[in-house]
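One structure is given below, encoded as structure tokens.
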Amino acid sequence: MASEDISNLQDIQLLVNTFYSRVRENELLGPIFNDILKNRWPEHLEKMYRFWQTILLEVPTYSGSPFPPHAKLPVSQLHFDTWLQLWHGTLDEFFVGEKAEEAKWRGSRMAEMFMFKIDYYRNNNAQPLL
């Protein structure tokens, strides 16, 4: 049972590595991620370490805009619900505390925003600003 909160880069790496190994194996999400990332998984994981380290630990190692690479993904609400289920499950397995709860909240807000924006661009034939 989880007893510690997210407190350092090693915790972020454990979270990200475990979560994305579950995403890769998931029958709904795996094909999409694997098809897009192919052999670029290591660089994606590094980027995710920096992203979550910046957000949760306030160590500014990530810069950029997380949405544009996701704008054209062939996904629906079910994909985001599955992503969140895996995200929350991984967090609950390893961590407990304020940062873990923040990671759940931020993941939920991101999924909500990404789905809203993907729907918008899909339905309005618009292009995201880079």
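Ordering of the structure tokens sets the chain letters (A, B, ...), residue numbers begin anew at 1 in every chain, and ligands are numbered from 1 in the order given.
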Residues within 12 Å of segment 16-23 of chain A, only C-alpha atoms, excluding chain neighbours under 4 positions, as a PDB file with C-alpha atoms, in the first residue's frame:
```
ATOM      1  CA  ILE A   6       5.663  12.258  -4.854  1.00  0.00           C
ATOM      2  CA  LEU A   9      12.583  12.935  -9.839  1.00  0.00           C
ATOM      3  CA  GLN A  10      12.844   9.212  -9.031  1.00  0.00           C
ATOM      4  CA  ASP A  11       9.180   9.253  -7.959  1.00  0.00           C
ATOM      5  CA  ILE A  12       8.220  11.013 -11.197  1.00  0.00           C
ATOM      6  CA  GLU A  27      -5.798  -2.561 -25.994  1.00  0.00           C
ATOM      7  CA  LEU A  28      -7.463   0.815 -26.592  1.00  0.00           C
ATOM      8  CA  LEU A  29      -4.554   3.218 -26.017  1.00  0.00           C
ATOM      9  CA  GLY A  30      -1.540   1.083 -26.909  1.00  0.00           C
ATOM     10  CA  PRO A  31      -2.066   0.963 -30.683  1.00  0.00           C
ATOM     11  CA  ILE A  32      -2.466   4.752 -30.910  1.00  0.00           C
ATOM     12  CA  PHE A  33       0.609   5.581 -28.801  1.00  0.00           C
ATOM     13  CA  ASN A  34       2.771   2.850 -30.329  1.00  0.00           C
ATOM     14  CA  LEU A  37       5.748   7.091 -31.150  1.00  0.00           C
ATOM     15  CA  TRP A  41       9.402   6.063 -26.567  1.00  0.00           C
ATOM     16  CA  PRO A  42      12.607   6.960 -24.667  1.00  0.00           C
ATOM     17  CA  HIS A  44       8.699  10.742 -24.988  1.00  0.00           C
ATOM     18  CA  LEU A  45       9.313   9.384 -21.485  1.00  0.00           C
ATOM     19  CA  GLU A  46      12.102  11.930 -20.917  1.00  0.00           C
ATOM     20  CA  LYS A  47       9.735  14.702 -21.968  1.00  0.00           C
ATOM     21  CA  MET A  48       7.069  13.383 -19.587  1.00  0.00           C
ATOM     22  CA  TYR A  49       9.587  13.312 -16.717  1.00  0.00           C
ATOM     23  CA  ARG A  50      10.348  16.974 -17.370  1.00  0.00           C
ATOM     24  CA  PHE A  51       6.663  17.880 -17.756  1.00  0.00           C
ATOM     25  CA  TRP A  52       5.551  16.312 -14.470  1.00  0.00           C
ATOM     26  CA  GLN A  53       8.697  17.447 -12.627  1.00  0.00           C
ATOM     27  CA  HIS A  79      -9.770   7.085 -24.675  1.00  0.00           C
ATOM     28  CA  PHE A  80      -9.456   9.889 -22.124  1.00  0.00           C
ATOM     29  CA  THR A  82      -9.186   4.964 -20.041  1.00  0.00           C
ATOM     30  CA  TRP A  83      -6.097   7.207 -19.797  1.00  0.00           C
ATOM     31  CA  LEU A  84      -7.405   8.689 -16.540  1.00  0.00           C
ATOM     32  CA  GLN A  85      -8.266   5.287 -15.101  1.00  0.00           C
ATOM     33  CA  LEU A  86      -4.684   4.129 -15.726  1.00  0.00           C
ATOM     34  CA  TRP A  87      -3.250   7.438 -14.445  1.00  0.00           C
ATOM     35  CA  HIS A  88      -5.254   7.433 -11.213  1.00  0.00           C
ATOM     36  CA  GLY A  89      -4.648   3.711 -10.677  1.00  0.00           C
ATOM     37  CA  THR A  90      -0.886   4.121 -11.044  1.00  0.00           C
ATOM     38  CA  LEU A  91      -0.867   7.094  -8.683  1.00  0.00           C
ATOM     39  CA  ASP A  92      -2.938   5.217  -6.090  1.00  0.00           C
ATOM     40  CA  GLU A  93      -0.661   2.196  -6.305  1.00  0.00           C
ATOM     41  CA  PHE A  94       2.534   4.086  -5.515  1.00  0.00           C
ATOM     42  CA  ALA A 103      -1.330  14.872 -10.168  1.00  0.00           C
TER      43      ALA A 103
END
```
Between atom CA of Leu78 of chain A and atom CA of Ser108 of chain A - distance in Å to one decimal: 13.3 Å
Those in chain A with helix (DSSP H, G or I) from DSSP, as a VMD selection string: chain A and resid 9 to 25 30 to 37 41 to 57 68 to 70 77 to 94 98 to 124
